[in-house]
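Data file: data.csv. Format and content: CSV, C-alpha atoms and all ligand atoms.
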```
chain,number,residue,atom,x,y,z
A,408,MET,CA,85.2,115.0,103.9
A,409,ASP,CA,88.8,114.7,104.9
A,410,PHE,CA,91.5,114.0,102.4
A,411,ARG,CA,94.5,114.4,104.8
A,412,SER,CA,94.9,110.7,105.6
A,413,ASP,CA,93.2,107.3,105.8
A,414,THR,CA,93.8,107.5,109.6
A,415,VAL,CA,90.7,109.7,109.8
A,416,THR,CA,88.4,106.8,109.0
A,417,LYS,CA,85.7,106.2,111.7
A,418,PRO,CA,85.0,102.7,112.9
A,419,THR,CA,82.2,100.9,111.1
A,420,ASP,CA,78.8,100.1,112.7
A,421,ALA,CA,79.9,96.4,112.8
A,422,MET,CA,83.0,97.4,114.7
A,423,ARG,CA,81.1,99.5,117.3
A,424,ALA,CA,78.7,96.5,117.8
A,425,ALA,CA,81.6,94.1,118.2
A,426,MET,CA,83.3,96.4,120.6
A,427,ALA,CA,80.2,96.7,122.7
A,428,ARG,CA,79.9,92.9,123.1
A,429,ALA,CA,83.6,91.9,123.1
A,430,GLU,CA,84.6,89.5,125.8
A,431,VAL,CA,87.4,91.0,127.7
A,432,GLY,CA,90.0,90.2,130.4
A,433,ASP,CA,93.3,91.7,131.6
A,434,ASP,CA,95.6,91.4,128.6
A,435,VAL,CA,98.8,92.0,130.7
A,436,TYR,CA,97.9,88.7,132.5
A,437,GLY,CA,97.2,87.2,129.0
A,438,ASP,CA,93.5,86.9,130.0
A,439,ASP,CA,91.8,88.8,127.3
A,440,PRO,CA,90.2,86.2,125.0
A,441,THR,CA,89.5,88.7,122.2
A,442,VAL,CA,93.1,89.9,122.1
A,443,ASN,CA,94.3,86.3,122.3
A,444,ASP,CA,92.0,85.4,119.4
A,445,LEU,CA,93.2,88.3,117.3
A,446,GLU,CA,96.9,87.6,117.9
A,447,GLN,CA,96.6,83.8,117.2
A,448,TRP,CA,94.4,84.3,114.2
A,449,ALA,CA,96.6,87.1,112.7
A,450,ALA,CA,99.8,85.0,113.2
A,451,GLN,CA,98.3,82.1,111.3
A,452,GLN,CA,96.6,84.3,108.6
A,453,HIS,CA,99.9,86.0,107.8
A,454,GLY,CA,102.2,83.0,108.0
A,455,PHE,CA,104.0,83.9,111.3
A,456,GLU,CA,104.4,81.9,114.6
A,457,ALA,CA,103.1,84.7,116.8
A,458,ALA,CA,101.6,88.2,116.8
A,459,LEU,CA,101.4,91.2,119.2
A,460,PHE,CA,98.6,93.7,119.4
A,461,THR,CA,100.1,97.2,119.9
A,462,THR,CA,98.7,100.7,120.5
A,463,SER,CA,100.0,102.1,117.2
A,464,GLY,CA,102.1,101.5,114.1
A,465,THR,CA,104.9,103.6,115.6
A,466,GLN,CA,104.9,101.4,118.6
A,467,ALA,CA,104.8,98.2,116.5
A,468,ASN,CA,107.8,99.4,114.5
A,469,LEU,CA,109.7,100.5,117.6
A,470,LEU,CA,109.2,97.1,119.3
A,471,GLY,CA,110.2,95.3,116.1
A,472,LEU,CA,113.4,97.3,115.7
A,473,MET,CA,114.2,96.9,119.4
A,474,ALA,CA,113.5,93.1,119.3
A,475,HIS,CA,115.8,92.7,116.3
A,476,CYS,CA,118.6,95.0,117.5
A,477,GLU,CA,120.5,95.6,120.7
A,478,ARG,CA,122.2,98.9,121.8
A,479,GLY,CA,124.9,99.8,119.2
A,480,ASP,CA,123.3,97.8,116.5
A,481,GLU,CA,122.2,99.3,113.2
A,482,TYR,CA,119.3,99.0,110.8
A,483,LEU,CA,119.3,99.9,107.1
A,484,CYS,CA,116.3,101.7,105.8
A,485,GLY,CA,115.1,104.2,103.3
A,486,GLN,CA,115.7,107.9,103.7
A,487,GLN,CA,111.9,108.2,103.3
A,488,ALA,CA,111.1,105.4,105.7
A,489,HIS,CA,108.4,106.1,108.2
A,490,ASN,CA,110.4,104.4,110.9
A,491,TYR,CA,113.4,106.7,110.2
A,492,LYS,CA,111.7,110.0,109.4
A,493,PHE,CA,108.3,110.1,111.1
A,494,GLU,CA,108.6,108.3,114.4
A,495,ALA,CA,110.5,110.9,116.4
A,496,GLY,CA,113.7,109.0,116.2
A,497,GLY,CA,112.3,106.4,118.6
A,498,ALA,CA,114.7,103.5,117.6
A,499,ALA,CA,117.7,105.8,118.3
A,500,VAL,CA,116.2,107.5,121.4
A,501,LEU,CA,114.7,104.5,123.1
A,502,GLY,CA,116.6,101.6,121.6
A,503,SER,CA,120.1,103.1,121.1
A,504,ILE,CA,119.8,101.7,117.6
A,505,GLN,CA,121.6,103.6,114.8
A,506,PRO,CA,119.6,104.1,111.6
A,507,GLN,CA,121.5,103.9,108.3
A,508,PRO,CA,119.3,105.5,105.8
A,509,ILE,CA,119.8,105.0,102.0
A,510,GLU,CA,118.2,107.2,99.4
A,511,ASN,CA,115.0,105.6,98.1
A,512,ASN,CA,114.6,105.1,94.3
A,513,PRO,CA,111.6,106.9,92.8
A,514,ASP,CA,109.6,103.6,93.0
A,515,GLY,CA,110.3,103.3,96.8
A,516,THR,CA,112.8,100.5,96.5
A,517,LEU,CA,116.4,100.6,97.9
A,518,ASP,CA,119.4,99.8,95.7
A,519,PHE,CA,121.1,96.6,96.7
A,520,ALA,CA,124.6,97.9,95.8
A,521,LYS,CA,124.1,101.0,98.0
A,522,LEU,CA,122.8,98.8,100.8
A,523,LYS,CA,125.7,96.5,100.5
A,524,ALA,CA,128.1,99.4,100.6
A,525,ALA,CA,126.4,100.6,103.8
A,526,ILE,CA,126.9,97.3,105.7
A,527,LYS,CA,129.6,97.8,108.3
A,528,PRO,CA,132.5,95.3,108.6
A,529,ASP,CA,133.0,93.5,111.9
A,530,ASP,CA,135.3,96.1,113.4
A,531,CYS,CA,135.2,97.9,116.7
A,532,HIS,CA,134.9,101.3,114.9
A,533,PHE,CA,131.4,100.5,113.6
A,534,ALA,CA,127.9,99.8,114.7
A,535,ARG,CA,126.8,96.2,114.0
A,536,THR,CA,124.5,96.1,111.0
A,537,LYS,CA,121.7,93.7,111.9
A,538,LEU,CA,118.6,94.5,109.9
A,539,LEU,CA,117.1,95.7,106.7
A,540,SER,CA,113.8,97.5,107.1
A,541,LEU,CA,111.5,98.0,104.1
A,542,GLU,CA,108.2,99.7,103.8
A,543,ASN,CA,105.2,98.6,101.7
A,544,THR,CA,103.3,100.5,100.4
A,545,ILE,CA,105.7,103.5,100.6
A,546,ASN,CA,104.2,106.8,99.7
A,547,GLY,CA,101.4,104.9,98.0
A,548,LYS,CA,103.8,102.8,95.9
A,549,VAL,CA,103.8,99.0,95.9
A,550,LEU,CA,107.1,97.2,96.1
A,551,PRO,CA,107.1,94.4,93.4
A,552,LEU,CA,107.2,90.8,94.7
A,553,ALA,CA,110.3,90.1,92.7
A,554,TYR,CA,112.0,93.0,94.6
A,555,LEU,CA,111.0,91.4,97.9
A,556,ALA,CA,112.4,88.1,96.8
A,557,GLU,CA,115.7,89.8,96.0
A,558,ALA,CA,115.7,91.6,99.3
A,559,ARG,CA,115.3,88.2,101.0
A,560,GLU,CA,118.2,86.8,99.1
A,561,PHE,CA,120.3,89.9,100.0
A,562,VAL,CA,119.7,89.6,103.7
A,563,ASP,CA,120.4,85.9,103.7
A,564,GLN,CA,123.7,86.6,101.9
A,565,HIS,CA,124.7,89.2,104.5
A,566,GLY,CA,123.4,87.6,107.6
A,567,LEU,CA,120.8,90.3,108.3
A,568,SER,CA,117.1,90.0,109.3
A,569,LEU,CA,114.3,91.6,107.2
A,570,HIS,CA,111.5,93.7,108.7
A,571,LEU,CA,108.5,95.2,106.9
A,572,ASP,CA,106.8,98.3,108.0
A,573,GLY,CA,103.5,97.1,106.5
A,574,ALA,CA,101.3,99.9,107.9
A,575,ARG,CA,99.5,99.8,104.5
A,576,VAL,CA,100.6,96.3,103.4
A,577,TYR,CA,97.0,95.4,102.6
A,578,ASN,CA,96.8,98.2,100.1
A,579,ALA,CA,99.8,96.5,98.4
A,580,ALA,CA,98.2,93.1,98.5
A,581,VAL,CA,94.9,94.5,97.1
A,582,ALA,CA,96.8,96.4,94.4
A,583,LEU,CA,98.7,93.3,93.4
A,584,ASP,CA,95.6,91.1,93.8
A,585,VAL,CA,97.6,88.5,95.9
A,586,ASP,CA,97.1,86.9,99.2
A,587,ILE,CA,98.8,88.8,102.0
A,588,LYS,CA,101.1,85.8,102.6
A,589,GLU,CA,102.6,86.3,99.2
A,590,ILE,CA,104.1,89.5,100.6
A,591,ALA,CA,104.6,88.4,104.2
A,592,GLN,CA,106.6,85.2,103.3
A,593,TYR,CA,109.8,87.1,102.7
A,594,PHE,CA,110.0,88.8,106.1
A,595,ASP,CA,111.2,87.9,109.5
A,596,SER,CA,108.8,90.4,111.0
A,597,MET,CA,106.0,92.7,109.8
A,598,THR,CA,103.7,95.4,111.1
A,599,ILE,CA,100.2,96.1,110.0
A,600,CYS,CA,98.1,99.3,110.9
A,601,LEU,CA,94.5,98.4,111.6
A,602,SER,CA,93.6,102.0,112.1
A,603,LYS,CA,94.3,103.4,108.6
A,604,GLY,CA,92.2,102.4,105.6
A,605,LEU,CA,91.1,99.3,107.4
A,606,SER,CA,89.2,101.7,109.7
A,607,ALA,CA,89.7,100.3,113.2
A,608,PRO,CA,89.8,103.1,115.8
A,609,ILE,CA,93.1,102.1,117.4
A,610,GLY,CA,95.8,99.4,117.0
A,611,SER,CA,98.4,97.7,115.0
A,612,LEU,CA,100.0,94.3,114.9
A,613,LEU,CA,103.6,93.1,115.0
A,614,LEU,CA,104.2,89.6,113.6
A,615,GLY,CA,107.2,87.4,113.9
A,616,ASN,CA,108.5,84.2,115.5
A,617,LYS,CA,107.7,83.1,119.1
A,618,ALA,CA,111.0,84.3,120.6
A,619,PHE,CA,110.8,87.6,118.8
A,620,ILE,CA,107.3,88.3,119.9
A,621,ALA,CA,108.0,87.3,123.5
A,622,LYS,CA,110.9,89.9,123.5
A,623,ALA,CA,108.6,92.5,121.9
A,624,ARG,CA,105.9,91.8,124.5
A,625,ARG,CA,108.4,92.6,127.3
A,626,LEU,CA,109.4,95.8,125.4
A,627,ARG,CA,105.8,96.8,124.9
A,628,LYS,CA,105.3,96.7,128.7
A,629,MET,CA,108.5,98.8,129.1
A,630,VAL,CA,107.2,101.6,126.9
A,631,GLY,CA,103.8,101.6,128.6
A,632,GLY,CA,101.9,99.7,125.9
A,633,GLY,CA,100.6,96.9,128.1
A,634,MET,CA,96.9,97.4,127.9
A,635,ARG,CA,94.2,95.8,130.1
A,636,GLN,CA,90.7,95.1,128.6
A,637,ALA,CA,92.1,95.7,125.2
A,638,GLY,CA,89.7,93.2,123.7
A,639,ILE,CA,87.4,96.1,123.0
A,640,LEU,CA,90.0,97.4,120.5
A,641,ALA,CA,91.0,93.9,119.3
A,642,ALA,CA,87.3,93.2,118.4
A,643,ALA,CA,87.4,96.1,116.0
A,644,GLY,CA,90.9,95.1,114.8
A,645,LYS,CA,89.7,91.7,113.7
A,646,LEU,CA,86.9,93.2,111.7
A,647,ALA,CA,89.4,95.5,110.0
A,648,LEU,CA,91.2,92.4,108.6
A,649,THR,CA,88.1,90.3,107.9
A,650,GLU,CA,85.6,92.9,106.6
A,651,GLN,CA,87.4,96.0,105.5
A,652,VAL,CA,90.1,94.7,103.1
A,653,THR,CA,87.7,94.8,100.1
A,654,GLN,CA,87.1,98.5,100.7
A,655,LEU,CA,90.7,99.2,99.8
A,656,LYS,CA,89.9,98.3,96.2
A,657,THR,CA,87.3,101.1,96.0
A,658,ASP,CA,89.8,103.5,97.7
A,659,HIS,CA,92.3,102.7,95.0
A,660,GLN,CA,89.7,103.3,92.2
A,661,ASN,CA,88.8,106.6,93.9
A,662,ALA,CA,92.4,107.7,94.1
A,663,LYS,CA,92.9,107.0,90.4
A,664,LYS,CA,89.7,109.0,89.6
A,665,LEU,CA,91.0,111.9,91.8
A,666,ALA,CA,94.4,111.8,90.0
A,667,ILE,CA,92.8,112.0,86.6
A,668,GLY,CA,90.6,114.9,87.7
A,669,LEU,CA,93.5,116.7,89.3
A,670,SER,CA,95.6,116.3,86.2
A,671,GLU,CA,93.0,118.3,84.3
A,672,LEU,CA,93.3,121.3,86.7
A,673,ALA,CA,95.4,124.3,85.8
A,674,GLY,CA,98.6,124.4,87.9
A,675,PHE,CA,98.4,120.8,89.1
A,676,SER,CA,100.7,118.2,87.7
A,677,VAL,CA,100.1,114.6,88.4
A,678,ASN,CA,100.5,111.4,86.4
A,679,PRO,CA,97.5,109.2,87.1
A,680,ASN,CA,99.6,106.1,85.9
A,681,PHE,CA,101.8,106.5,89.0
A,682,VAL,CA,98.9,106.2,91.3
A,683,GLU,CA,98.9,102.5,92.5
A,684,THR,CA,96.9,102.6,95.7
A,685,ASN,CA,95.1,105.2,97.8
A,686,ILE,CA,97.6,108.1,97.8
A,687,VAL,CA,97.8,110.8,95.2
A,688,PHE,CA,100.6,113.4,95.0
A,689,ALA,CA,100.4,116.5,92.8
A,690,LYS,CA,103.0,119.1,92.1
A,691,LEU,CA,101.7,122.6,92.1
A,692,ASP,CA,102.7,125.6,90.0
A,693,GLU,CA,103.9,128.6,92.0
A,694,SER,CA,100.7,130.4,91.0
A,695,VAL,CA,98.5,128.0,93.0
A,696,GLN,CA,97.6,129.6,96.4
A,697,ILE,CA,97.1,126.3,98.1
A,698,GLY,CA,96.9,127.6,101.6
A,699,GLN,CA,94.1,130.0,100.7
A,700,ILE,CA,92.3,127.3,98.7
A,701,ALA,CA,92.5,125.0,101.7
A,702,GLN,CA,90.8,127.6,103.8
A,703,GLN,CA,88.0,128.1,101.2
A,704,LEU,CA,87.5,124.3,101.0
A,705,LYS,CA,87.3,124.2,104.8
A,706,THR,CA,84.1,126.4,104.6
A,707,ASP,CA,82.7,123.7,102.3
A,708,GLY,CA,83.4,121.0,104.9
A,709,ILE,CA,86.4,119.7,102.9
A,710,THR,CA,89.7,119.2,104.7
A,711,ILE,CA,93.0,118.9,102.8
A,712,SER,CA,96.7,119.2,103.8
A,713,PRO,CA,98.1,122.2,101.9
A,714,GLY,CA,101.7,121.5,100.7
A,715,ASN,CA,103.8,121.2,97.6
A,716,PRO,CA,103.7,118.4,96.5
A,717,ILE,CA,100.3,118.1,97.9
A,718,ARG,CA,99.0,114.7,99.1
A,719,PHE,CA,95.5,113.4,99.0
A,720,VAL,CA,94.5,110.1,100.6
A,721,THR,CA,91.3,108.2,99.8
A,722,HIS,CA,89.5,105.9,102.2
A,723,LYS,CA,86.1,104.6,103.1
A,724,ASP,CA,84.8,107.9,104.4
A,725,VAL,CA,85.2,109.7,101.1
A,726,THR,CA,83.0,108.5,98.2
A,727,SER,CA,83.3,108.9,94.5
A,728,ALA,CA,80.7,111.7,94.7
A,729,ASP,CA,82.9,113.5,97.3
A,730,ILE,CA,85.8,113.4,94.8
A,731,ASP,CA,83.6,115.0,92.2
A,732,LEU,CA,82.7,117.8,94.6
A,733,LEU,CA,86.3,118.3,95.6
A,734,LEU,CA,87.3,118.6,92.0
A,735,THR,CA,84.5,121.0,91.2
A,736,LYS,CA,85.4,123.2,94.2
A,737,LEU,CA,89.1,123.2,93.3
A,738,ALA,CA,88.4,124.2,89.8
A,739,GLN,CA,86.2,127.1,91.1
A,740,TYR,CA,88.8,128.4,93.6
A,741,LEU,CA,91.6,128.1,91.1
A,742,LYS,CA,89.8,130.7,88.9
A,801,LIG,C1,101.1,105.5,109.7
A,801,LIG,C2,102.3,104.8,109.5
A,801,LIG,C3,103.0,104.2,110.6
A,801,LIG,C4,102.7,104.6,112.0
A,801,LIG,O1,101.4,104.3,112.4
A,801,LIG,P1,100.7,105.0,113.7
A,801,LIG,O2,99.6,104.1,114.0
A,801,LIG,O3,100.2,106.3,113.1
A,801,LIG,O4,101.7,105.2,114.7
A,801,LIG,C5,104.1,103.5,110.3
A,801,LIG,N1,104.5,103.3,109.1
A,801,LIG,C6,103.9,103.8,108.0
A,801,LIG,C7,104.4,103.5,106.6
A,801,LIG,C8,102.7,104.6,108.2
A,801,LIG,O5,102.1,105.1,107.1
```
Any chance you could give the structure as structure tokens?
Ligand SMILES: *Cc1c(COP(=O)(O)O)cnc(C)c1O
Amino acid sequence: MDFRSDTVTKPTDAMRAAMARAEVGDDVYGDDPTVNDLEQWAAQQHGFEAALFTTSGTQANLLGLMAHCERGDEYLCGQQAHNYKFEAGGAAVLGSIQPQPIENNPDGTLDFAKLKAAIKPDDCHFARTKLLSLENTINGKVLPLAYLAEAREFVDQHGLSLHLDGARVYNAAVALDVDIKEIAQYFDSMTICLSKGLSAPIGSLLLGNKAFIAKARRLRKMVGGGMRQAGILAAAGKLALTEQVTQLKTDHQNAKKLAIGLSELAGFSVNPNFVETNIVFAKLDESVQIGQIAQQLKTDGITISPGNPIRFVTHKDVTSADIDLLLTKLAQYLK
């Protein structure tokens, strides 16, 4: 069992079967019926005009940022934002787009007064502020719908566009028990990772209006993301969105259970009430030799990412019984 991330999920049997029989064509020519179906269906399902199937969430974010911003433009984002911190600086390197990070609040939100102060006046000294990019979930935390509504008002007031890095936006929708459109409605563009808790082997989506997606499609070709018989992947991607969403609820219950169990271990501090989705963070006392424990767990076939705070992620390939075993082993090795 592997608690490092929900990216480790294997495709389901239904996905493998659908991949085997997927009708395919050359998607760069627009000929792949399975990709076309996924893009059209996903656009409608999330309340956007158009969608683009991409190789990864990183690529979907990059294309989104580059479709919104030209060279010398700027996007506002969180200091902890994946598309600032964990994407190798792609927007800056490949798009010549300047990130303007703002410290995230503990709940993952960004303060509107700080955002406002970071917007540059129209002056040749400054980059042109074009976009606000949010992330939901962020470190497992769900942004409240009321906050998203405020963010929409904020960008409208300041003439900016609004992008959502929604790698785990379905975890947010499941946690809030709302239709995905309740979240998507506030954004000009949104990404979704099909290959995390939703268990597709490969692929993400970028959603937006027709002109935006047409621009992103050109950029996707430019960065080498034009794929040929990609319907094999899109077939699994559609099942991610139609059959795997309910699994996330179980993942969230398992995360809560794990958090409660960890909170009872010596040297672990975690507040189970802060666990909203499938990610659990615990702070460790200095006395906890987590590197050594990780090696011992490895011999039991259990993989964790040692760190402090330490992060555990639940997903369809770890069961409630697996969590019991992890907790038992942790208690044993802590002694
Ligand atoms: C994983 C992740 C991405 C990137 O997705 P990849 O498919 O791994 O490139 C982007 N944003 C967030 C918030 C993520 O968690």
Polymer residues at most 8 Å from Gln507 in chain A, only C-alpha atoms, same-chain spacing of 2 or more positions, as a list in words: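 Neighbouring residues, sequence-local ones excluded: Glu481, Tyr482, Leu483, Cys484, Gln505, Ile509 and Ala525 of chain A.
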From A:Ala556, A:Ile697, A:Val415, A:Val562, residue lying nearest ligand LIG 801 (chain A) [all atoms listed in the file]: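 Of A:Ala556, A:Ile697, A:Val415, A:Val562, the one nearest ligand LIG 801 (chain A), counting all atoms listed in the file, is A:Val415.
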Could you give me, as JSON lines, a per-residue list for range 509-580 of chain A showing, wherever an atom lies at most 8 Å from an atom of range 675-691 of chain A, the closest pair of atoms and their distance in Å to one decimal, using all atoms listed in the file and sorting by chain then residue number from low to high?
```
{"residue": "A:Asn546", "atom": "CA", "partner": "A:Ile686", "partner_atom": "CA", "distance": 7.0}
{"residue": "A:Gly547", "atom": "CA", "partner": "A:Ile686", "partner_atom": "CA", "distance": 5.0}
{"residue": "A:Lys548", "atom": "CA", "partner": "A:Glu683", "partner_atom": "CA", "distance": 6.0}
{"residue": "A:Val549", "atom": "CA", "partner": "A:Glu683", "partner_atom": "CA", "distance": 6.9}
{"residue": "A:Asn578", "atom": "CA", "partner": "A:Thr684", "partner_atom": "CA", "distance": 6.2}
{"residue": "A:Ala579", "atom": "CA", "partner": "A:Thr684", "partner_atom": "CA", "distance": 7.3}
```
Residue with smallest distance to ligand LIG 801 (chain A) - pool A:Lys622, A:Tyr436, A:Val720, A:Arg635, counting all atoms listed in the file: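 That would be A:Val720, the residue with the smallest distance to ligand LIG 801 (chain A).
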Ligand LIG 801 (chain A) neighbours within 6 Å using all atoms listed in the file, as a list in words: Ser463, Gly464, Thr465, His489, Asp572, Ala574 and Cys600 of chain A
Write the residues of the selection above to a file with C-alpha atoms, as a PDB file, keeping the file's coordinate frame.
```pdb
ATOM      1  CA  SER A 463     100.000 102.100 117.200  1.00  0.00           C
ATOM      2  CA  GLY A 464     102.100 101.500 114.100  1.00  0.00           C
ATOM      3  CA  THR A 465     104.900 103.600 115.600  1.00  0.00           C
ATOM      4  CA  HIS A 489     108.400 106.100 108.200  1.00  0.00           C
ATOM      5  CA  ASP A 572     106.800  98.300 108.000  1.00  0.00           C
ATOM      6  CA  ALA A 574     101.300  99.900 107.900  1.00  0.00           C
ATOM      7  CA  CYS A 600      98.100  99.300 110.900  1.00  0.00           C
TER       8      CYS A 600
END
```
Selection near Val442 in chain A, 7 Å with only C-alpha atoms, sequence-local residues under 6 positions removed, as a list of chain:residue names: A:Ala637, A:Gly638, A:Ala641
Nearest-residue call for Ala429 in chain A, choices A:Leu737, A:Leu648, A:Leu704, A:Leu445, using all atoms listed in the file: A:Leu445
CA of Thr441 in chain A to CA of Gln636 in chain A, distance in Å rounded to a single decimal: 9.1 Å
